[in-house]
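K.L.:
Below is the structure I would like to discuss, written out as structure tokens.
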Amino acid sequence: MSFEQQEQVLFDLLFDQDLRDQFCVDRVKALDKYDLDDAEQNDFKTIRPEALQLDAAMRADLVLSQLCKAFPISFSITSSLANGLDTLKQLIDTTTMRSKPVERASLFGNRLREQYPRFTFASDKELAIATAILEVELGMVWTSASLKQVVLDEGTPPATATDLGEDWLEKPIKLASYVSAAIIPQPYGQLKKACCPVADDCLWRQLNKTPLSLSARSRILQTEDPRLLTSRAMVSRFSICEPAVDFKTVELSEGFASLFQHVNGSMSVAQILAQLKQIGAPEQMLKGIETAFQQLLESEMLEFV
């Protein structure tokens with residue numbers, strides 16, 4: 001008797017809706033594709049269809065409540081769409097659940113992004129803004145996964161350092177590890193407040209009861225006040241098995257994004273400022289840019305080469 005094969009069947013029954021529906025109608029035919037002997041097949045005859053459906057729904061609900069913490073704004077926006085909640089639930093399938101736990105949220109986010117063009121938004125503008133928000137949250141999820149994998153591999157959080165030194169303006173800079181940077185259509189905190197009426201731990205349950213309304217979605221997605229959002233994943237609770245990751249964020253004006261093409265390890269802040277001065281940037285603007293770079297360095301969004 002192969003317990004491993006039986007475990008695979010049970011896993012598929014829990015996360016493959018088509019197989020589960022077929023099993024509830026004809027369990028013998030549903031399991032034909034599996035290499036089970038009569039004794040192994042008999043073990044599945046005791047499973048009650050209604051209990052299986054309930055178990056599968058509860059497991060999917062638990063997974064979605066965790067994923068909702070990673071994509072709070074996107075989950076809220078999706079809940080307002082026709083079949084939005086159903087789509088989120090359908091994505092908890094064998095493809096998602098067979099992925100490595102540390103990679104699961106990233107895979108789920110990518111699959112949700114693929115679904116967005118298939119939803120009916122009020123306009124192409126709404127779709128573009130909603131997609132941009134999902135991209136921002138997906139970037140944060142990806143850096144979180146990268147950091148978790150390093151902690152799991154090395155057994156310790158990466159070292160950090162915030163001392164700039166007196167000559168910080170002269171040192172070449174680059175984007176730090178575990179940092180994402182993207183244009184977000186509105187300040188992240190403003191979006192979170194508008195889309196998420198409860199704490200992240202309770203959001204999935206709330207959205208199931210009261211999805212974001214169509215009018216609220218339209219109002220939120222018609223407002224544009226773009227920012228450059230930089231976020232750094234950091235270990236908030238160390239564990240060699242399941243480290244917890246939180247984010248430090250810095251928001252800057254959208255125009256600052258164009259300066260990031262120079263943040264590649266080859267130039268210092270002083271050199272960037274000198275180039276801007278040469279093309280006529282006013283002194284007040286230069287001072288503001290210097291202050292922004294200092295903030296990014298002190299927040300460890302950037303680092304010295």
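All residue names refer to the structure tokens as shown: chains lettered A, B, ... in order, residues numbered from 1 in each chain, ligands numbered from 1 in order.
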Check the DSSP output for the backbone and give back, as number ranges by chain, the residues of range 14-253 of chain A in strand (DSSP E or B).
P.N.:
A: 172-175, 179-184, 227-237, 244-253
K.L.:
Set the distance at 10 Å and use only C-alpha atoms: which residues neighbour Glu40 in chain A once local chain neighbours fewer than 2 positions away are removed? I'd like the list as a PyMOL selection string.
P.N.:
chain A and resi 1-3+5-6+35-38+42-45
K.L.:
Take the selection from the previous step and output its residues with all heavy atoms, as an mmCIF file, in the first residue's frame.
P.N.:
```
data_model
loop_
_atom_site.group_PDB
_atom_site.id
_atom_site.type_symbol
_atom_site.label_atom_id
_atom_site.label_comp_id
_atom_site.auth_asym_id
_atom_site.auth_seq_id
_atom_site.Cartn_x
_atom_site.Cartn_y
_atom_site.Cartn_z
ATOM 1 N N MET A 1 0.842 -1.196 0.000
ATOM 2 C CA MET A 1 0.000 0.000 0.000
ATOM 3 C C MET A 1 0.881 1.251 0.000
ATOM 4 O O MET A 1 1.825 1.331 0.764
ATOM 5 C CB MET A 1 -0.924 -0.001 1.217
ATOM 6 C CG MET A 1 -1.836 1.218 1.304
ATOM 7 S SD MET A 1 -3.021 1.121 2.663
ATOM 8 C CE MET A 1 -4.111 -0.169 2.063
ATOM 9 N N SER A 2 0.564 2.190 -0.867
ATOM 10 C CA SER A 2 1.373 3.393 -0.992
ATOM 11 C C SER A 2 0.660 4.585 -0.347
ATOM 12 O O SER A 2 -0.279 5.148 -0.909
ATOM 13 C CB SER A 2 1.649 3.700 -2.472
ATOM 14 O OG SER A 2 2.244 4.956 -2.615
ATOM 15 N N PHE A 3 1.103 4.935 0.869
ATOM 16 C CA PHE A 3 0.522 6.100 1.539
ATOM 17 C C PHE A 3 0.851 7.380 0.778
ATOM 18 O O PHE A 3 0.069 8.327 0.773
ATOM 19 C CB PHE A 3 1.033 6.179 2.973
ATOM 20 C CG PHE A 3 0.466 5.111 3.866
ATOM 21 C CD1 PHE A 3 1.275 4.120 4.383
ATOM 22 C CD2 PHE A 3 -0.889 5.098 4.183
ATOM 23 C CE1 PHE A 3 0.754 3.133 5.193
ATOM 24 C CE2 PHE A 3 -1.418 4.110 4.991
ATOM 25 C CZ PHE A 3 -0.597 3.123 5.508
ATOM 26 N N GLN A 5 1.007 7.794 -2.457
ATOM 27 C CA GLN A 5 0.043 7.948 -3.547
ATOM 28 C C GLN A 5 -1.322 8.387 -3.010
ATOM 29 O O GLN A 5 -1.992 9.243 -3.594
ATOM 30 C CB GLN A 5 -0.106 6.621 -4.306
ATOM 31 C CG GLN A 5 -1.062 6.671 -5.485
ATOM 32 C CD GLN A 5 -0.533 7.456 -6.665
ATOM 33 O OE1 GLN A 5 0.538 8.048 -6.590
ATOM 34 N NE2 GLN A 5 -1.283 7.472 -7.748
ATOM 35 N N GLN A 6 -1.704 7.842 -1.875
ATOM 36 C CA GLN A 6 -2.970 8.246 -1.275
ATOM 37 C C GLN A 6 -2.946 9.710 -0.832
ATOM 38 O O GLN A 6 -3.937 10.429 -0.966
ATOM 39 C CB GLN A 6 -3.301 7.345 -0.083
ATOM 40 C CG GLN A 6 -3.759 5.940 -0.491
ATOM 41 C CD GLN A 6 -4.132 5.104 0.715
ATOM 42 O OE1 GLN A 6 -3.335 4.925 1.628
ATOM 43 N NE2 GLN A 6 -5.352 4.598 0.718
ATOM 44 N N ASP A 35 -2.877 5.236 -9.575
ATOM 45 C CA ASP A 35 -2.457 3.842 -9.459
ATOM 46 C C ASP A 35 -2.748 3.338 -8.046
ATOM 47 O O ASP A 35 -1.847 3.178 -7.219
ATOM 48 C CB ASP A 35 -0.962 3.725 -9.787
ATOM 49 C CG ASP A 35 -0.501 2.274 -9.842
ATOM 50 O OD1 ASP A 35 -1.362 1.399 -10.010
ATOM 51 O OD2 ASP A 35 0.715 2.041 -9.706
ATOM 52 N N LEU A 36 -4.043 3.111 -7.785
ATOM 53 C CA LEU A 36 -4.469 2.646 -6.469
ATOM 54 C C LEU A 36 -4.971 1.215 -6.553
ATOM 55 O O LEU A 36 -5.695 0.859 -7.493
ATOM 56 C CB LEU A 36 -5.589 3.539 -5.919
ATOM 57 C CG LEU A 36 -5.288 5.033 -5.740
ATOM 58 C CD1 LEU A 36 -6.549 5.758 -5.294
ATOM 59 C CD2 LEU A 36 -4.163 5.242 -4.743
ATOM 60 N N ASP A 37 -4.611 0.396 -5.578
ATOM 61 C CA ASP A 37 -5.177 -0.952 -5.526
ATOM 62 C C ASP A 37 -6.541 -0.891 -4.844
ATOM 63 O O ASP A 37 -6.992 0.168 -4.384
ATOM 64 C CB ASP A 37 -4.229 -1.932 -4.833
ATOM 65 C CG ASP A 37 -3.907 -1.539 -3.398
ATOM 66 O OD1 ASP A 37 -4.774 -0.936 -2.738
ATOM 67 O OD2 ASP A 37 -2.787 -1.852 -2.933
ATOM 68 N N ASP A 38 -7.202 -2.027 -4.757
ATOM 69 C CA ASP A 38 -8.561 -2.052 -4.217
ATOM 70 C C ASP A 38 -8.609 -1.561 -2.774
ATOM 71 O O ASP A 38 -9.525 -0.821 -2.386
ATOM 72 C CB ASP A 38 -9.129 -3.476 -4.289
ATOM 73 C CG ASP A 38 -9.391 -3.919 -5.728
ATOM 74 O OD1 ASP A 38 -9.470 -3.036 -6.610
ATOM 75 O OD2 ASP A 38 -9.511 -5.132 -5.969
ATOM 76 N N ASN A 42 -10.644 1.658 -1.422
ATOM 77 C CA ASN A 42 -11.669 1.513 -0.390
ATOM 78 C C ASN A 42 -11.555 2.577 0.699
ATOM 79 O O ASN A 42 -12.559 2.975 1.290
ATOM 80 C CB ASN A 42 -11.600 0.117 0.237
ATOM 81 C CG ASN A 42 -12.122 -0.952 -0.701
ATOM 82 O OD1 ASN A 42 -12.923 -0.673 -1.590
ATOM 83 N ND2 ASN A 42 -11.671 -2.195 -0.518
ATOM 84 N N ASP A 43 -10.335 3.022 0.967
ATOM 85 C CA ASP A 43 -10.154 4.059 1.986
ATOM 86 C C ASP A 43 -10.898 5.346 1.628
ATOM 87 O O ASP A 43 -11.350 6.084 2.520
ATOM 88 C CB ASP A 43 -8.661 4.366 2.168
ATOM 89 C CG ASP A 43 -7.919 3.257 2.892
ATOM 90 O OD1 ASP A 43 -8.586 2.457 3.589
ATOM 91 O OD2 ASP A 43 -6.691 3.190 2.758
ATOM 92 N N PHE A 44 -11.030 5.622 0.336
ATOM 93 C CA PHE A 44 -11.673 6.860 -0.101
ATOM 94 C C PHE A 44 -13.198 6.738 -0.147
ATOM 95 O O PHE A 44 -13.899 7.742 -0.260
ATOM 96 C CB PHE A 44 -11.141 7.275 -1.468
ATOM 97 C CG PHE A 44 -9.726 7.769 -1.428
ATOM 98 C CD1 PHE A 44 -8.665 6.904 -1.687
ATOM 99 C CD2 PHE A 44 -9.438 9.081 -1.103
ATOM 100 C CE1 PHE A 44 -7.350 7.346 -1.622
ATOM 101 C CE2 PHE A 44 -8.131 9.539 -1.039
ATOM 102 C CZ PHE A 44 -7.083 8.669 -1.292
ATOM 103 N N LYS A 45 -13.712 5.506 -0.045
ATOM 104 C CA LYS A 45 -15.164 5.322 -0.078
ATOM 105 C C LYS A 45 -15.840 5.824 1.191
ATOM 106 O O LYS A 45 -17.056 6.013 1.224
ATOM 107 C CB LYS A 45 -15.496 3.850 -0.310
ATOM 108 C CG LYS A 45 -15.129 3.354 -1.697
ATOM 109 C CD LYS A 45 -15.489 1.882 -1.882
ATOM 110 C CE LYS A 45 -15.122 1.407 -3.287
ATOM 111 N NZ LYS A 45 -15.444 -0.028 -3.494
#
```
K.L.:
Considering only C-alpha atoms, state which residue in the set A:Ile220, A:Val151, A:Leu212, A:Ala105 is at the smallest distance from Leu191 in chain A.
P.N.:
A:Ile220
K.L.:
Could you tell me how far CA of Glu135 in chain A sits from CA of Pro172 in chain A, in Å to one decimal place?
P.N.:
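CA of Pro172 in chain A sits 28.5 Å away from CA of Glu135 in chain A.
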K.L.:
For the atom pair CA of Gln90 in chain A and CA of Leu112 in chain A, what is the interatomic distance in Å to one decimal place?
P.N.:
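These atoms are spaced 10.4 Å apart.
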K.L.:
Restricting the calculation to only C-alpha atoms: of A:Ser123, A:Ser236, A:Ser99, A:Thr249, which residue gets closest to Leu221 in chain A?
P.N.:
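Closest to Leu221 in chain A, using only C-alpha atoms: A:Ser123.
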K.L.:
A:Ser106, A:Val198, A:Phe238, A:Ile92: which is nearest Arg59 in chain A, counting only C-alpha atoms?
P.N.:
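So, comparing all the options, the nearest one is A:Ile92.
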K.L.:
For Leu302 in chain A, work out the shell of residues within 7 Å, counting only C-alpha atoms and skipping chain neighbours fewer than 5 positions away, then give it as JSON, numbers by chain.
P.N.:
{"A": [173, 174, 175, 176, 296, 297]}
K.L.:
Using only C-alpha atoms, which protein or nucleic acid residues come within 8 Å of Ser65 in chain A? Drop anything in the same chain fewer than 6 positions from it, and give the result as a ChimeraX atom specification.
P.N.:
/A:201-205
K.L.:
Ranking A:Val263, A:Val245, A:Met285, A:Ile73 by minimum distance to Gln190 in chain A and counting only C-alpha atoms, which one comes first?
P.N.:
A:Ile73
K.L.:
Hey, which of A:Ile289, A:Ala57, A:Ile240, A:Ala51 ends up closest to Pro157 in chain A? Count only C-alpha atoms.
P.N.:
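So, comparing all the options, the nearest one is A:Ile240.
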K.L.:
Of the candidates A:Ile183, A:Cys68, A:Ala122, A:Ala292, which one gets nearest to Gln206 in chain A if we count only C-alpha atoms?
P.N.:
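For Gln206 in chain A, the nearest of the given residues is A:Cys68.
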K.L.:
DSSP on the backbone, then: every residue of range 130-217 of chain A marked helix (DSSP H, G or I), written as a ChimeraX atom specification.
P.N.:
/A:130-154,168-170,188-195,200-209,214-217
K.L.:
Please write the residues from the selection above to a file, keeping N, CA and C atoms, as a tab-separated table (two decimals), in the first residue's frame.
P.N.:
```
chain	number	residue	atom	x	y	z
A	130	ALA	N	-5.57	49.76	-11.53
A	130	ALA	CA	-5.67	48.55	-10.70
A	130	ALA	C	-4.46	47.64	-10.92
A	131	THR	N	-4.03	47.53	-12.18
A	131	THR	CA	-2.87	46.69	-12.49
A	131	THR	C	-1.60	47.28	-11.88
A	132	ALA	N	-1.47	48.61	-11.93
A	132	ALA	CA	-0.30	49.26	-11.34
A	132	ALA	C	-0.23	49.00	-9.83
A	133	ILE	N	-1.38	49.04	-9.18
A	133	ILE	CA	-1.42	48.76	-7.73
A	133	ILE	C	-1.02	47.32	-7.46
A	134	LEU	N	-1.53	46.40	-8.26
A	134	LEU	CA	-1.17	44.98	-8.09
A	134	LEU	C	0.32	44.78	-8.32
A	135	GLU	N	0.89	45.49	-9.30
A	135	GLU	CA	2.32	45.38	-9.57
A	135	GLU	C	3.14	45.84	-8.37
A	136	VAL	N	2.69	46.92	-7.71
A	136	VAL	CA	3.40	47.41	-6.53
A	136	VAL	C	3.37	46.37	-5.42
A	137	GLU	N	2.20	45.82	-5.15
A	137	GLU	CA	2.09	44.82	-4.09
A	137	GLU	C	2.85	43.54	-4.46
A	138	LEU	N	2.85	43.20	-5.73
A	138	LEU	CA	3.60	42.02	-6.18
A	138	LEU	C	5.09	42.23	-6.01
A	139	GLY	N	5.58	43.43	-6.26
A	139	GLY	CA	6.99	43.72	-6.05
A	139	GLY	C	7.39	43.56	-4.60
A	140	MET	N	6.52	44.00	-3.69
A	140	MET	CA	6.78	43.84	-2.27
A	140	MET	C	6.77	42.36	-1.87
A	141	VAL	N	5.85	41.62	-2.44
A	141	VAL	CA	5.78	40.18	-2.16
A	141	VAL	C	7.04	39.47	-2.64
A	142	TRP	N	7.52	39.87	-3.81
A	142	TRP	CA	8.71	39.22	-4.37
A	142	TRP	C	9.94	39.49	-3.49
A	143	THR	N	10.11	40.72	-3.03
A	143	THR	CA	11.27	41.02	-2.17
A	143	THR	C	11.14	40.31	-0.83
A	144	SER	N	9.91	40.19	-0.34
A	144	SER	CA	9.68	39.46	0.90
A	144	SER	C	10.09	38.00	0.75
A	145	ALA	N	9.71	37.38	-0.38
A	145	ALA	CA	10.06	35.99	-0.62
A	145	ALA	C	11.57	35.82	-0.73
A	146	SER	N	12.23	36.77	-1.39
A	146	SER	CA	13.69	36.69	-1.54
A	146	SER	C	14.38	36.75	-0.19
A	147	LEU	N	13.90	37.65	0.68
A	147	LEU	CA	14.49	37.78	2.00
A	147	LEU	C	14.24	36.52	2.83
A	148	LYS	N	13.03	36.00	2.79
A	148	LYS	CA	12.71	34.78	3.55
A	148	LYS	C	13.60	33.63	3.11
A	149	GLN	N	13.83	33.52	1.80
A	149	GLN	CA	14.65	32.41	1.30
A	149	GLN	C	16.08	32.52	1.80
A	150	VAL	N	16.61	33.73	1.85
A	150	VAL	CA	17.96	33.93	2.37
A	150	VAL	C	18.04	33.53	3.83
A	151	VAL	N	17.03	33.92	4.62
A	151	VAL	CA	17.01	33.57	6.04
A	151	VAL	C	16.92	32.04	6.21
A	152	LEU	N	16.09	31.41	5.40
A	152	LEU	CA	15.95	29.95	5.48
A	152	LEU	C	17.24	29.25	5.07
A	153	ASP	N	17.93	29.79	4.06
A	153	ASP	CA	19.16	29.17	3.57
A	153	ASP	C	20.33	29.39	4.54
A	154	GLU	N	20.42	30.59	5.08
A	154	GLU	CA	21.60	30.94	5.88
A	154	GLU	C	21.36	30.85	7.38
A	168	TRP	N	29.28	60.76	2.61
A	168	TRP	CA	28.26	59.95	1.94
A	168	TRP	C	27.89	60.49	0.56
A	169	LEU	N	28.01	61.80	0.36
A	169	LEU	CA	27.66	62.37	-0.93
A	169	LEU	C	28.60	61.91	-2.05
A	170	GLU	N	29.80	61.51	-1.68
A	170	GLU	CA	30.81	61.17	-2.68
A	170	GLU	C	30.85	59.69	-3.04
A	188	TYR	N	0.28	55.09	-0.91
A	188	TYR	CA	-0.13	53.75	-0.50
A	188	TYR	C	-1.03	53.79	0.73
A	189	GLY	N	-0.69	54.61	1.69
A	189	GLY	CA	-1.52	54.71	2.89
A	189	GLY	C	-2.92	55.19	2.59
A	190	GLN	N	-3.04	56.10	1.66
A	190	GLN	CA	-4.35	56.63	1.25
A	190	GLN	C	-5.18	55.53	0.59
A	191	LEU	N	-4.55	54.75	-0.28
A	191	LEU	CA	-5.24	53.64	-0.93
A	191	LEU	C	-5.67	52.58	0.09
A	192	LYS	N	-4.77	52.29	1.01
A	192	LYS	CA	-5.05	51.27	2.03
A	192	LYS	C	-6.26	51.70	2.87
A	193	LYS	N	-6.30	52.95	3.25
A	193	LYS	CA	-7.40	53.46	4.07
A	193	LYS	C	-8.71	53.39	3.31
A	194	ALA	N	-8.68	53.71	2.02
A	194	ALA	CA	-9.90	53.73	1.22
A	194	ALA	C	-10.41	52.33	0.90
A	195	CYS	N	-9.50	51.38	0.74
A	195	CYS	CA	-9.89	50.03	0.29
A	195	CYS	C	-10.03	49.02	1.41
A	200	ASP	N	-5.52	43.88	8.41
A	200	ASP	CA	-5.19	42.86	7.41
A	200	ASP	C	-5.62	41.46	7.85
A	201	ASP	N	-5.51	41.15	9.14
A	201	ASP	CA	-5.88	39.83	9.64
A	201	ASP	C	-7.36	39.52	9.43
A	202	CYS	N	-8.18	40.56	9.37
A	202	CYS	CA	-9.63	40.37	9.27
A	202	CYS	C	-10.17	40.72	7.88
A	203	LEU	N	-9.29	41.16	6.98
A	203	LEU	CA	-9.76	41.73	5.71
A	203	LEU	C	-10.45	40.71	4.82
A	204	TRP	N	-9.89	39.51	4.69
A	204	TRP	CA	-10.51	38.51	3.80
A	204	TRP	C	-11.92	38.16	4.27
A	205	ARG	N	-12.11	37.99	5.55
A	205	ARG	CA	-13.43	37.69	6.08
A	205	ARG	C	-14.39	38.86	5.81
A	206	GLN	N	-13.88	40.08	5.98
A	206	GLN	CA	-14.72	41.26	5.74
A	206	GLN	C	-15.12	41.37	4.27
A	207	LEU	N	-14.18	41.14	3.36
A	207	LEU	CA	-14.48	41.26	1.93
A	207	LEU	C	-15.48	40.21	1.48
A	208	ASN	N	-15.45	39.03	2.10
A	208	ASN	CA	-16.44	38.00	1.77
A	208	ASN	C	-17.84	38.43	2.19
A	209	LYS	N	-17.93	39.14	3.31
A	209	LYS	CA	-19.23	39.61	3.79
A	209	LYS	C	-19.66	40.87	3.04
A	214	LEU	N	-18.95	48.98	-6.10
A	214	LEU	CA	-18.59	49.47	-7.43
A	214	LEU	C	-18.34	50.98	-7.40
A	215	SER	N	-19.18	51.70	-6.67
A	215	SER	CA	-19.03	53.16	-6.61
A	215	SER	C	-17.73	53.55	-5.91
A	216	ALA	N	-17.38	52.80	-4.84
A	216	ALA	CA	-16.13	53.08	-4.13
A	216	ALA	C	-14.94	52.79	-5.03
A	217	ARG	N	-15.00	51.67	-5.75
A	217	ARG	CA	-13.91	51.33	-6.65
A	217	ARG	C	-13.72	52.41	-7.71
```
